[in-house]
>>> print(open('target.txt').read())   # compact mmCIF, C-alpha atoms and all ligand atoms
# COMPACT_ATOMS: atom_id res chain seq x y z
CA MET A 1 0.00 0.00 0.00
CA ARG A 2 2.67 2.49 1.03
CA GLN A 3 4.36 1.80 -2.30
CA LYS A 4 2.14 4.18 -4.22
CA LEU A 5 3.25 7.14 -2.12
CA SER A 6 6.89 6.09 -1.78
CA LEU A 7 9.24 8.80 -3.00
CA GLN A 8 10.41 6.68 -5.91
CA ASN A 9 6.83 6.27 -7.15
CA VAL A 10 5.80 9.85 -6.50
CA MET A 11 8.75 11.10 -8.56
CA GLY A 12 7.89 8.58 -11.28
CA TYR A 13 4.29 9.77 -11.27
CA PHE A 14 5.43 13.41 -11.52
CA ARG A 15 7.70 12.57 -14.44
CA VAL A 16 4.87 10.95 -16.39
CA ARG A 17 2.40 13.72 -15.52
CA TRP A 18 4.77 16.56 -16.26
CA SER A 19 5.84 15.10 -19.61
CA LYS A 20 2.25 15.69 -20.71
CA LEU A 21 2.21 19.39 -19.79
CA PRO A 22 1.48 21.67 -22.75
CA ASP A 23 4.62 22.49 -24.71
CA VAL A 24 4.16 25.90 -26.31
CA ARG A 25 7.71 26.19 -27.63
CA ARG A 26 8.14 26.67 -31.36
CA PRO A 27 9.93 23.68 -32.92
CA ASN A 28 13.04 25.68 -33.86
CA ASN A 29 13.27 26.96 -30.31
CA ASN A 30 15.39 25.08 -27.84
CA THR A 31 13.48 21.80 -27.77
CA ARG A 32 16.38 19.66 -26.62
CA TYR A 33 14.88 19.33 -23.17
CA ASP A 34 11.60 17.73 -22.31
CA ILE A 35 9.24 20.03 -20.36
CA ALA A 36 9.44 17.49 -17.54
CA ASP A 37 13.24 17.97 -17.38
CA GLY A 38 12.57 21.61 -16.51
CA VAL A 39 9.75 20.97 -14.03
CA ASN A 40 11.38 17.97 -12.31
CA SER A 41 14.60 20.00 -11.99
CA ALA A 42 12.78 22.95 -10.41
CA PHE A 43 10.95 20.58 -8.08
CA ALA A 44 14.28 18.97 -7.09
CA VAL A 45 15.65 22.37 -6.00
CA PHE A 46 12.66 22.90 -3.68
CA PHE A 47 12.63 19.33 -2.47
CA MET A 48 16.34 19.40 -1.57
CA GLN A 49 16.00 23.03 -0.37
CA SER A 50 19.18 23.85 -2.17
CA GLY A 51 19.90 26.34 -4.95
CA SER A 52 23.12 24.49 -5.75
CA PHE A 53 21.74 20.94 -5.96
CA LEU A 54 21.53 20.99 -9.76
CA ALA A 55 25.03 22.45 -10.17
CA HIS A 56 26.42 19.55 -8.13
CA GLN A 57 24.44 17.04 -10.17
CA ARG A 58 25.73 18.51 -13.46
CA LEU A 59 29.24 17.99 -12.11
CA LEU A 60 28.52 14.40 -11.06
CA GLN A 61 26.98 13.75 -14.45
CA SER A 62 30.10 14.99 -16.27
CA LYS A 63 32.49 13.04 -14.01
CA LYS A 64 30.63 9.81 -13.37
CA GLY A 65 28.18 9.77 -16.25
CA ARG A 66 25.21 9.64 -13.85
CA SER A 67 23.56 11.83 -11.22
CA ASN A 68 20.96 11.91 -8.48
CA ALA A 69 18.92 14.34 -10.57
CA ARG A 70 18.23 11.38 -12.82
CA SER A 71 18.04 8.52 -10.31
CA LEU A 72 16.10 10.34 -7.57
CA PHE A 73 14.20 13.06 -9.48
CA GLN A 74 13.88 11.41 -12.90
CA VAL A 75 15.45 14.31 -14.79
CA GLU A 76 16.72 12.87 -18.09
CA GLU A 77 19.00 15.80 -18.89
CA ILE A 78 19.59 18.68 -16.52
CA PRO A 79 18.84 22.03 -18.16
CA SER A 80 20.70 25.19 -17.11
CA ASP A 81 18.95 27.51 -14.64
CA PRO A 82 17.86 30.02 -17.34
CA GLN A 83 16.61 27.11 -19.47
CA ILE A 84 14.57 25.83 -16.52
CA ARG A 85 12.92 29.24 -16.18
CA ASN A 86 12.17 29.31 -19.91
CA LEU A 87 10.65 25.84 -19.79
CA VAL A 88 8.53 26.56 -16.72
CA ASP A 89 7.43 30.14 -17.44
CA PRO A 90 4.71 29.34 -20.04
CA LEU A 91 3.05 26.82 -17.69
CA SER A 92 0.20 27.73 -15.36
CA SER A 93 0.15 27.25 -11.60
CA ARG A 94 -3.21 25.53 -12.23
CA ASP A 95 -1.40 22.74 -14.08
CA PHE A 96 -0.23 21.36 -10.72
CA GLN A 97 -3.50 21.23 -8.78
CA GLU A 98 -3.99 17.68 -9.95
CA ASP A 99 -0.67 16.66 -8.36
CA PHE A 100 -1.78 17.85 -4.93
CA TRP A 101 -5.00 15.91 -5.31
CA PHE A 102 -3.26 12.78 -6.53
CA LEU A 103 -1.29 12.73 -3.28
CA LEU A 104 -4.17 13.74 -0.99
CA ASP A 105 -6.68 11.35 -2.60
CA GLU A 106 -4.19 8.50 -2.31
CA LEU A 107 -3.62 9.37 1.34
CA LYS A 108 -7.38 9.24 1.82
CA GLU A 109 -7.60 5.94 -0.06
CA GLN A 110 -5.04 4.48 2.35
CA GLN A 111 -7.09 5.72 5.34
CA ARG A 112 -4.14 7.90 6.36
CA LEU A 113 -6.10 11.14 6.09
CA LEU A 114 -8.27 9.93 8.97
CA GLN A 115 -5.70 11.20 11.46
CA PHE A 116 -6.79 14.71 10.39
CA ARG A 117 -10.44 14.06 11.20
CA ASN A 118 -11.45 16.16 14.21
CA GLU A 119 -13.95 15.66 17.01
CA LEU A 120 -16.63 17.48 15.02
CA ASN A 121 -16.40 14.58 12.56
CA THR A 122 -15.04 16.86 9.84
CA TYR A 123 -11.73 17.82 8.27
CA ALA A 124 -10.71 21.36 9.15
CA VAL A 125 -9.34 23.37 6.23
CA ALA A 126 -7.74 26.64 7.31
CA LEU A 127 -7.77 29.47 4.77
CA ASP A 128 -5.21 32.25 4.89
CA GLY A 129 -3.28 34.59 2.63
CA VAL A 130 0.48 34.69 2.17
CA SER A 131 2.71 37.10 0.22
CA PHE A 132 6.03 36.31 -1.41
CA PHE A 133 8.59 37.43 -4.05
CA SER A 134 8.53 41.06 -2.97
CA SER A 135 10.75 43.40 -4.97
CA GLU A 136 11.11 47.09 -5.80
CA LYS A 137 12.77 46.38 -9.12
CA ILE A 138 11.74 43.07 -10.63
CA SER A 139 8.16 42.51 -11.68
CA CYS A 140 6.01 40.49 -14.06
CA PRO A 141 2.47 40.73 -15.47
CA LYS A 142 1.11 38.67 -12.54
CA CYS A 143 2.66 40.96 -9.90
CA LEU A 144 0.55 42.86 -7.40
CA LYS A 145 1.60 46.39 -6.50
CA ARG A 146 1.55 48.34 -3.28
CA GLU A 147 2.95 51.67 -2.29
CA ASP A 148 4.71 52.09 1.05
CA ARG A 149 4.56 55.24 3.16
CA SER A 150 7.45 56.86 1.35
CA GLY A 151 5.63 56.39 -1.96
CA THR A 152 7.94 53.62 -3.19
CA GLU A 153 6.20 50.94 -5.23
CA HIS A 154 6.68 47.31 -4.25
CA TYR A 155 5.89 44.39 -6.48
CA TYR A 156 4.89 41.12 -4.87
CA HIS A 157 2.83 37.96 -5.27
CA SER A 158 0.12 36.70 -3.02
CA ALA A 159 -1.94 33.53 -2.64
CA ILE A 160 -4.35 31.82 -0.36
CA THR A 161 -2.79 28.61 0.90
CA PRO A 162 -5.42 26.30 2.42
CA VAL A 163 -4.19 23.49 4.68
CA PHE A 164 -5.71 20.56 6.54
CA VAL A 165 -5.18 21.16 10.26
CA LYS A 166 -6.15 19.28 13.37
CA PRO A 167 -5.85 20.19 17.04
CA GLY A 168 -2.93 18.29 18.56
CA GLN A 169 -1.55 17.22 15.18
CA SER A 170 1.85 18.77 14.56
CA GLN A 171 1.81 18.37 10.77
CA VAL A 172 -0.39 20.31 8.39
CA LEU A 173 -1.22 19.18 4.85
CA PRO A 174 -1.17 21.86 2.16
CA LEU A 175 -3.92 21.85 -0.47
CA PRO A 176 -3.45 23.49 -3.89
CA PRO A 177 -2.89 27.25 -3.52
CA GLU A 178 -4.98 29.88 -5.32
CA PHE A 179 -3.10 32.94 -6.50
CA ILE A 180 -4.41 36.44 -6.12
CA VAL A 181 -4.32 38.22 -9.48
CA PRO A 182 -4.16 41.98 -10.14
CA GLN A 183 -7.82 42.00 -11.33
CA ASP A 184 -9.01 40.71 -7.93
CA GLY A 185 -9.14 44.26 -6.58
CA SER A 186 -7.07 46.71 -4.63
CA GLU A 187 -8.14 46.03 -1.05
CA LYS A 188 -6.26 43.15 0.56
CA GLN A 189 -9.47 41.79 2.08
CA ASP A 190 -11.43 41.82 -1.19
CA CYS A 191 -8.60 40.08 -3.03
CA GLU A 192 -8.44 37.31 -0.51
CA ARG A 193 -12.21 36.82 -0.56
CA VAL A 194 -12.35 36.68 -4.35
CA ALA A 195 -9.47 34.17 -4.44
CA ALA A 196 -11.13 32.06 -1.73
CA LYS A 197 -14.33 32.00 -3.75
CA ARG A 198 -12.37 30.80 -6.78
CA TRP A 199 -10.64 28.16 -4.67
CA LEU A 200 -13.96 26.84 -3.37
CA SER A 201 -15.51 26.62 -6.80
CA GLN A 202 -12.48 24.71 -8.13
CA HIS A 203 -12.01 22.23 -5.33
CA HIS A 204 -15.33 21.69 -3.55
CA GLY A 205 -15.98 18.56 -5.60
CA HIS A 206 -13.28 16.71 -3.65
CA PHE A 207 -15.29 16.82 -0.43
CA PRO A 208 -18.53 15.00 0.37
CA GLU A 209 -21.20 17.29 1.88
CA HIS A 210 -20.79 18.18 5.54
CA SER A 211 -17.29 16.74 5.72
CA VAL A 212 -15.28 19.96 5.97
CA THR A 213 -15.06 22.80 8.49
CA TYR A 214 -13.42 25.88 6.95
CA LEU A 215 -11.44 28.07 9.33
CA GLY A 216 -10.51 31.65 8.69
CA ASP A 217 -10.01 35.07 10.21
CA ASP A 218 -12.50 37.90 10.45
CA LEU A 219 -12.43 38.79 6.76
CA TYR A 220 -14.22 35.51 5.94
CA ALA A 221 -17.02 36.16 8.43
CA ASN A 222 -19.23 37.92 5.89
CA GLN A 223 -22.59 37.02 4.42
CA PRO A 224 -21.55 36.05 0.84
CA THR A 225 -18.68 33.77 1.96
CA CYS A 226 -20.65 32.12 4.75
CA GLN A 227 -23.67 31.63 2.51
CA LEU A 228 -21.52 30.09 -0.22
CA ILE A 229 -20.01 27.56 2.18
CA ALA A 230 -23.16 26.72 4.12
CA GLU A 231 -25.81 26.81 1.40
CA THR A 232 -24.08 26.27 -1.95
CA TYR A 233 -21.34 23.84 -0.91
CA ARG A 234 -23.09 22.44 2.19
CA GLN A 235 -20.04 22.51 4.43
CA PHE A 236 -19.25 24.02 7.81
CA PHE A 237 -17.15 26.99 8.92
CA ILE A 238 -15.78 28.53 12.08
CA PHE A 239 -14.64 32.08 11.38
CA VAL A 240 -13.20 34.67 13.75
CA CYS A 241 -15.81 37.38 14.28
CA LYS A 242 -14.61 40.70 15.72
CA PRO A 243 -16.88 43.33 17.27
CA GLU A 244 -15.34 46.17 15.17
CA SER A 245 -16.42 44.57 11.90
CA HIS A 246 -19.75 43.15 13.11
CA PRO A 247 -21.50 45.95 15.07
CA GLY A 248 -25.01 44.63 14.29
CA LEU A 249 -24.20 41.14 15.53
CA TYR A 250 -22.66 42.43 18.75
CA GLU A 251 -25.67 44.66 19.47
CA TRP A 252 -27.68 41.44 19.32
CA ILE A 253 -25.19 39.70 21.63
CA SER A 254 -25.37 42.47 24.21
CA PHE A 255 -29.17 42.35 24.06
CA LEU A 256 -29.07 38.58 24.65
CA ASP A 257 -26.55 39.08 27.43
CA LYS A 258 -28.94 41.37 29.28
CA ASN A 259 -31.79 38.89 28.86
CA ASN A 260 -30.05 35.68 29.92
CA GLY A 261 -29.81 34.56 26.29
CA ILE A 262 -26.14 33.56 26.46
CA GLU A 263 -25.13 30.10 27.67
CA THR A 264 -21.90 29.66 29.58
CA VAL A 265 -19.54 26.75 30.23
CA THR A 266 -16.58 27.28 32.57
CA HIS A 267 -13.55 25.06 33.09
CA ARG A 268 -10.46 25.32 35.21
CA HIS A 269 -7.08 24.41 33.70
CA TRP A 270 -3.69 24.04 35.35
CA ASN A 271 -0.96 25.16 32.96
CA GLY A 272 1.92 23.89 35.08
CA LYS A 273 2.50 27.22 36.81
CA HIS A 274 -0.89 28.62 37.73
CA GLY A 275 -4.59 28.00 37.31
CA GLU A 276 -6.55 29.37 34.36
CA THR A 277 -10.27 29.92 33.98
CA TRP A 278 -11.59 29.02 30.54
CA GLN A 279 -14.98 30.58 30.00
CA TYR A 280 -16.97 29.64 26.91
CA ARG A 281 -20.05 31.71 26.06
CA PHE A 282 -22.34 30.91 23.14
CA ALA A 283 -25.65 31.84 21.53
CA HIS A 284 -27.82 30.53 18.70
CA GLN A 285 -29.64 32.23 15.83
CA VAL A 286 -27.62 35.41 15.81
CA PRO A 287 -27.89 37.56 12.63
CA LEU A 288 -24.51 37.97 10.91
CA ARG A 289 -25.41 41.48 9.72
CA ASN A 290 -28.26 43.96 9.74
CA GLY A 291 -31.23 43.37 7.44
CA SER A 292 -34.00 40.81 7.14
CA ASP A 293 -31.99 38.51 4.84
CA ALA A 294 -29.13 38.10 7.32
CA LEU A 295 -27.79 34.60 7.87
CA GLN A 296 -28.61 33.25 11.32
CA LEU A 297 -25.50 31.76 12.85
CA SER A 298 -24.18 30.49 16.14
CA TRP A 299 -21.71 32.64 18.03
CA LEU A 300 -19.14 31.59 20.57
CA GLU A 301 -16.50 33.26 22.63
CA LEU A 302 -13.58 31.90 24.64
CA VAL A 303 -11.94 34.00 27.35
CA ILE A 304 -9.00 32.60 29.30
CA THR A 305 -8.08 34.43 32.49
CA HIS A 306 -5.26 34.04 35.01
CA GLU A 307 -6.92 32.56 38.06
CA ASP A 308 -4.96 34.63 40.59
CA THR A 309 -4.51 37.98 38.85
CA GLY A 310 -7.63 38.03 36.69
CA GLU A 311 -5.50 39.05 33.72
CA ILE A 312 -7.00 38.09 30.34
CA LEU A 313 -4.61 35.67 28.65
CA TYR A 314 -6.63 34.94 25.52
CA GLN A 315 -9.86 36.19 24.06
CA ASN A 316 -11.47 35.38 20.75
CA SER A 317 -14.91 34.96 19.29
CA PHE A 318 -16.22 33.06 16.31
CA VAL A 319 -19.32 32.53 14.21
CA THR A 320 -20.19 29.08 12.95
CA ASN A 321 -22.96 27.10 11.26
CA HIS A 322 -22.21 24.10 13.48
CA LEU A 323 -24.87 23.61 16.12
CA ILE A 324 -23.29 24.57 19.44
CA THR A 325 -24.15 22.64 22.58
CA SER A 326 -22.66 22.71 26.06
CA THR A 327 -20.97 19.39 25.22
CA ASN A 328 -19.32 20.34 21.91
CA VAL A 329 -18.50 23.99 22.61
CA ILE A 330 -15.02 23.06 23.83
CA GLN A 331 -14.21 21.10 20.65
CA LEU A 332 -15.63 23.89 18.50
CA ALA A 333 -13.42 26.49 20.12
CA GLN A 334 -10.43 24.18 19.91
CA VAL A 335 -10.93 23.57 16.20
CA GLY A 336 -11.55 27.30 15.59
CA ARG A 337 -8.31 28.14 17.34
CA THR A 338 -6.21 25.75 15.19
CA ARG A 339 -6.46 28.41 12.50
CA TRP A 340 -3.25 29.88 13.89
CA LYS A 341 -1.52 26.70 12.75
CA ILE A 342 -1.67 27.85 9.17
CA GLU A 343 0.63 30.70 10.13
CA ASN A 344 2.88 28.72 12.44
CA GLU A 345 3.11 25.41 10.68
CA ASN A 346 2.47 26.32 7.08
CA ASN A 347 3.35 29.89 6.23
CA ASN A 348 6.26 30.19 8.65
CA THR A 349 7.61 26.82 7.63
CA LEU A 350 7.41 27.87 4.01
CA LYS A 351 9.13 31.16 4.76
CA THR A 352 11.75 30.22 7.31
CA LYS A 353 12.34 26.47 7.48
CA GLY A 354 14.33 25.98 4.30
CA TYR A 355 11.60 26.50 1.70
CA CYS A 356 12.44 30.23 1.48
CA LEU A 357 9.02 31.00 0.01
CA GLU A 358 9.77 34.73 0.10
CA HIS A 359 13.02 34.35 -1.80
CA ASN A 360 12.77 35.68 -5.31
CA PHE A 361 13.24 32.61 -7.52
CA GLY A 362 12.25 34.49 -10.67
CA HIS A 363 9.21 36.29 -12.09
CA GLY A 364 9.49 35.46 -15.80
CA GLN A 365 7.16 36.89 -18.44
CA GLN A 366 4.13 34.73 -17.72
CA ASP A 367 3.30 32.58 -14.68
CA LEU A 368 6.82 31.61 -13.58
CA ALA A 369 6.68 33.11 -10.08
CA ASN A 370 3.40 31.38 -9.22
CA VAL A 371 4.43 28.07 -10.77
CA LEU A 372 7.64 28.06 -8.72
CA ALA A 373 5.74 28.89 -5.52
CA THR A 374 3.31 26.05 -6.31
CA LEU A 375 6.18 23.57 -6.78
CA ASN A 376 7.66 24.77 -3.49
CA MET A 377 4.36 24.05 -1.69
CA LEU A 378 4.08 20.71 -3.46
CA ALA A 379 7.56 19.81 -2.12
CA PHE A 380 6.29 20.69 1.35
CA LEU A 381 3.30 18.36 0.86
CA VAL A 382 5.53 15.50 -0.34
CA HIS A 383 7.84 15.96 2.68
CA THR A 384 4.89 15.96 5.06
CA ILE A 385 3.40 12.82 3.52
CA GLN A 386 6.76 11.07 3.89
CA GLU A 387 6.78 12.10 7.55
CA LEU A 388 3.31 10.60 7.95
CA ILE A 389 3.72 7.31 6.12
CA GLU A 390 7.34 6.35 5.38
CA PRO A 391 8.96 4.44 8.27
CA ALA A 392 12.57 5.01 7.09
CA TYR A 393 11.94 8.73 6.66
CA GLN A 394 10.39 8.86 10.15
CA ARG A 395 13.31 7.01 11.74
CA LEU A 396 15.84 9.29 10.06
CA ARG A 397 14.03 12.48 10.98
CA ARG A 398 13.80 11.26 14.56
CA ALA A 399 17.44 10.18 14.75
CA LEU A 400 18.74 13.43 13.25
CA GLY A 401 16.65 15.73 15.45
CA ALA A 402 16.44 19.06 13.64
CA ARG A 403 14.94 18.98 10.16
CA LYS A 404 17.85 21.17 9.06
CA THR A 405 20.33 18.38 9.90
CA PHE A 406 18.31 15.92 7.85
CA PHE A 407 18.35 18.17 4.78
CA ASN A 408 22.03 19.10 5.28
CA ASP A 409 22.86 15.42 5.23
CA LEU A 410 20.71 14.75 2.14
CA ARG A 411 22.50 17.58 0.35
CA ALA A 412 25.98 16.52 1.42
CA LEU A 413 25.48 12.85 0.51
CA THR A 414 23.98 13.55 -2.89
CA ARG A 415 26.79 15.96 -3.68
CA TYR A 416 29.44 13.23 -3.51
CA MET A 417 27.62 10.01 -4.23
CA VAL A 418 24.98 8.82 -6.65
CA PHE A 419 22.16 6.70 -5.22
CA ASP A 420 20.11 4.50 -7.51
CA THR A 421 16.90 4.91 -5.53
CA TRP A 422 15.49 6.78 -2.54
CA ASP A 423 15.42 3.48 -0.66
CA ASP A 424 19.16 3.09 -1.26
CA LEU A 425 19.83 6.59 0.04
CA PHE A 426 17.72 6.07 3.17
CA ARG A 427 19.26 2.63 3.80
CA PHE A 428 22.75 4.11 3.53
CA MET A 429 21.85 6.80 6.08
CA GLU A 430 20.19 4.32 8.43
CA GLU A 431 23.14 1.96 8.34
CA GLY A 432 25.55 4.82 8.97
CA LEU A 433 23.49 5.95 11.93
CA GLU A 434 23.03 2.35 13.06
CA ILE A 435 19.28 2.73 13.26
CA ALA A 436 18.32 0.30 10.50
CA PRO A 437 15.53 -2.05 11.63
CA LEU A 438 16.48 -5.70 11.96
CA PRO A 439 15.41 -7.87 9.00
CA PRO A 440 12.15 -9.74 9.71
ZN ZN A 501 5.87 38.98 -10.48
>>> encode(input="target.txt", output="structure tokens")
Amino acid sequence: MRQKLSLQNVMGYFRVRWSKLPDVRRPNNNTRYDIADGVNSAFAVFFMQSGSFLAHQRLLQSKKGRSNARSLFQVEEIPSDPQIRNLVDPLSSRDFQEDFWFLLDELKEQQRLLQFRNELNTYAVALDGVSFFSSEKISCPKCLKREDRSGTEHYYHSAITPVFVKPGQSQVLPLPPEFIVPQDGSEKQDCERVAAKRWLSQHHGHFPEHSVTYLGDDLYANQPTCQLIAETYRQFFIFVCKPESHPGLYEWISFLDKNNGIETVTHRHWNGKHGETWQYRFAHQVPLRNGSDALQLSWLELVITHEDTGEILYQNSFVTNHLITSTNVIQLAQVGRTRWKIENENNNTLKTKGYCLEHNFGHGQQDLANVLATLNMLAFLVHTIQELIEPAYQRLRRALGARKTFFNDLRALTRYMVFDTWDDLFRFMEEGLEIAPLPP
């Protein structure tokens, strides 16, 4: 079963898939390289988290007549960096959505996605925006523009990057990103909403009804978005709902408050140093906005206070179309709060933990910047799946401690030696570390 998602097979699958990508080059143009040589090479850079991986492989190829680019990443011939950009630029970031779903659907098929199912009996998908490739000088037709206080124009790219999250689960699983395009508008909030709407219409078919809870910050807690999710796509949501942006709703809440219309559940927690009071308050049938057509939603609030000092340690409120009861309110708040994971686990990982999402890998003339960002996120998904299902990968990551050490070692080994398969590489590392499992 695991075979289908083993690295060797995933790379083989990518090679076959990417060979079929549209080739818009004119025949007299440089057609020496297959499109897949360009895409697999770019993917290899993100997977190895190394800008110099391909240079080392070109050297190995010239000295030994073979390289890890071919054996591990199925690159037939390694193009130069400018050739890779030329090969990849005419592609669309959309071309790679199918690859995310191939991996996620297979994970589901193998019952391995179940570990992301939460206590509300749904999968939580957190929505959030992320910006990357910011520059004052370099730009492309897909760039967004903003002016800073001094009047200097900055070019950048932006996307919503949905991920599967679960309370208590350290990994997150990235879904295909949706890029914000210049036509989406000028306000950050509008752009993100429009892109989210596009994402939903593209991908909703992958989820059976009532199987997903979307998480998002305050900008998603508006009538059109909530209506789309609840009524059109028949899924759930838990969105942050701030008083500043929902005055009508909070007037209603304060009215209910005065008339005993708010239910309360209180728990005491010991955090290791002092006691905390966790107070959940919730109400049903609250109008999201003013007007007779307003959606009626449930509202909940969690306030955590220091038991001795009374200091407020955490406070947040949400709207949801889940039915809130005094038994599930704790789970609802917990799932709602995992939204922060998208920033910690996904966006920060992509920016700081070796993926260098913000680094400017190239804008190109067409969709290059977004295609490269998509391949970077796809590399993150493949790494995470290996962490979830591949025993050798798990043992190595555990034995080497920091993820940085693991990737340093991968880079160093593949610089000097050529491995025929991923299994060979992992076996070599395991034997060296003396952590190889005993033969059955
Ligand atoms: Zn650009």
>>> closest_atom_pairs(input="target.txt", of="chain A", to="ligand ZN 501 (chain A)", cutoff="8 Å", atoms="only C-alpha atoms and all ligand atoms", output="tab-separated table")
residue	atom	partner	partner_atom	distance
A:Phe133	CA	A:ZN501	ZN	7.2
A:Ile138	CA	A:ZN501	ZN	7.2
A:Ser139	CA	A:ZN501	ZN	4.4
A:Cys140	CA	A:ZN501	ZN	3.9
A:Pro141	CA	A:ZN501	ZN	6.3
A:Lys142	CA	A:ZN501	ZN	5.2
A:Cys143	CA	A:ZN501	ZN	3.8
A:Leu144	CA	A:ZN501	ZN	7.3
A:Tyr155	CA	A:ZN501	ZN	6.7
A:Tyr156	CA	A:ZN501	ZN	6.1
A:His157	CA	A:ZN501	ZN	6.1
A:Gly362	CA	A:ZN501	ZN	7.8
A:His363	CA	A:ZN501	ZN	4.6
A:Gly364	CA	A:ZN501	ZN	7.3
A:Ala369	CA	A:ZN501	ZN	5.9
>>> atom_distance(input="target.txt", atom1="atom CA of Arg198 of chain A", atom2="atom CA of Asp184 of chain A")
10.5 Å
>>> residues_around(input="target.txt", residues="segment 55-70 of chain A", least_positions_apart="6", cutoff="8 Å", atoms="all atoms listed in the file", output="PDB file with C-alpha atoms, keeping the file's coordinate frame")
ATOM      1  CA  SER A  41      14.600  20.000 -11.990  1.00  0.00           C
ATOM      2  CA  ALA A  44      14.280  18.970  -7.090  1.00  0.00           C
ATOM      3  CA  GLU A  76      16.720  12.870 -18.090  1.00  0.00           C
ATOM      4  CA  GLU A  77      19.000  15.800 -18.890  1.00  0.00           C
ATOM      5  CA  ILE A  78      19.590  18.680 -16.520  1.00  0.00           C
ATOM      6  CA  THR A 414      23.980  13.550  -2.890  1.00  0.00           C
ATOM      7  CA  ARG A 415      26.790  15.960  -3.680  1.00  0.00           C
ATOM      8  CA  TYR A 416      29.440  13.230  -3.510  1.00  0.00           C
ATOM      9  CA  VAL A 418      24.980   8.820  -6.650  1.00  0.00           C
ATOM     10  CA  PHE A 419      22.160   6.700  -5.220  1.00  0.00           C
ATOM     11  CA  ASP A 420      20.110   4.500  -7.510  1.00  0.00           C
TER      12      ASP A 420
END
>>> closest_residue(input="target.txt", among="A:Ala399, A:Leu357, A:Ala436, A:Ala196", to="Gln49 of chain A", atoms="all atoms listed in the file")
A:Leu357
>>> atom_distance(input="target.txt", atom1="atom CA of Asp23 of chain A", atom2="atom CA of Phe102 of chain A")
22.1 Å
>>> residues_around(input="target.txt", residues="segment 430-432 of chain A", least_positions_apart="4", cutoff="8 Å", atoms="only C-alpha atoms", output="PyMOL selection string")
chain A and resi 392+396+426+436
>>> residues_around(input="target.txt", residues="Glu106 of chain A", least_positions_apart="2", cutoff="12 Å", atoms="only C-alpha atoms", output="compact mmCIF listing (two decimals) with C-alpha atoms, in the coordinates of the input")
# COMPACT_ATOMS: atom_id res chain seq x y z
CA MET A 1 0.00 0.00 0.00
CA ARG A 2 2.67 2.49 1.03
CA GLN A 3 4.36 1.80 -2.30
CA LYS A 4 2.14 4.18 -4.22
CA LEU A 5 3.25 7.14 -2.12
CA SER A 6 6.89 6.09 -1.78
CA VAL A 10 5.80 9.85 -6.50
CA GLU A 98 -3.99 17.68 -9.95
CA ASP A 99 -0.67 16.66 -8.36
CA PHE A 100 -1.78 17.85 -4.93
CA TRP A 101 -5.00 15.91 -5.31
CA PHE A 102 -3.26 12.78 -6.53
CA LEU A 103 -1.29 12.73 -3.28
CA LEU A 104 -4.17 13.74 -0.99
CA LYS A 108 -7.38 9.24 1.82
CA GLU A 109 -7.60 5.94 -0.06
CA GLN A 110 -5.04 4.48 2.35
CA GLN A 111 -7.09 5.72 5.34
CA ARG A 112 -4.14 7.90 6.36
CA LEU A 113 -6.10 11.14 6.09
CA ILE A 385 3.40 12.82 3.52
CA ILE A 389 3.72 7.31 6.12
>>> residues_around(input="target.txt", residues="Asn290 of chain A", least_positions_apart="2", cutoff="8 Å", atoms="all atoms listed in the file", output="ChimeraX atom specification")
/A:248-249,287-288,292,294
>>> build_atoms(input="target.txt", residues="segment 121-130 of chain A", atoms="N, CA and C atoms", output="PDB file, in the coordinates of the input")
ATOM      1  N   ASN A 121     -16.185  15.521  13.655  1.00  0.00           N
ATOM      2  CA  ASN A 121     -16.400  14.580  12.560  1.00  0.00           C
ATOM      3  C   ASN A 121     -16.234  15.232  11.192  1.00  0.00           C
ATOM      4  N   THR A 122     -15.327  16.200  11.122  1.00  0.00           N
ATOM      5  CA  THR A 122     -15.040  16.860   9.840  1.00  0.00           C
ATOM      6  C   THR A 122     -13.526  17.005   9.692  1.00  0.00           C
ATOM      7  N   TYR A 123     -13.114  17.410   8.494  1.00  0.00           N
ATOM      8  CA  TYR A 123     -11.730  17.820   8.270  1.00  0.00           C
ATOM      9  C   TYR A 123     -11.692  19.338   8.315  1.00  0.00           C
ATOM     10  N   ALA A 124     -10.806  19.901   9.113  1.00  0.00           N
ATOM     11  CA  ALA A 124     -10.710  21.360   9.150  1.00  0.00           C
ATOM     12  C   ALA A 124      -9.735  21.827   8.074  1.00  0.00           C
ATOM     13  N   VAL A 125     -10.199  22.767   7.255  1.00  0.00           N
ATOM     14  CA  VAL A 125      -9.340  23.370   6.230  1.00  0.00           C
ATOM     15  C   VAL A 125      -9.181  24.848   6.576  1.00  0.00           C
ATOM     16  N   ALA A 126      -7.983  25.242   6.945  1.00  0.00           N
ATOM     17  CA  ALA A 126      -7.740  26.640   7.310  1.00  0.00           C
ATOM     18  C   ALA A 126      -7.375  27.437   6.070  1.00  0.00           C
ATOM     19  N   LEU A 127      -8.025  28.599   5.923  1.00  0.00           N
ATOM     20  CA  LEU A 127      -7.770  29.470   4.770  1.00  0.00           C
ATOM     21  C   LEU A 127      -6.967  30.666   5.254  1.00  0.00           C
ATOM     22  N   ASP A 128      -5.949  31.047   4.517  1.00  0.00           N
ATOM     23  CA  ASP A 128      -5.210  32.250   4.890  1.00  0.00           C
ATOM     24  C   ASP A 128      -4.422  32.756   3.693  1.00  0.00           C
ATOM     25  N   GLY A 129      -4.055  34.010   3.736  1.00  0.00           N
ATOM     26  CA  GLY A 129      -3.280  34.590   2.630  1.00  0.00           C
ATOM     27  C   GLY A 129      -1.807  34.657   2.982  1.00  0.00           C
ATOM     28  N   VAL A 130      -0.958  34.570   1.957  1.00  0.00           N
ATOM     29  CA  VAL A 130       0.480  34.690   2.170  1.00  0.00           C
ATOM     30  C   VAL A 130       1.076  35.466   0.990  1.00  0.00           C
TER      31      VAL A 130
END
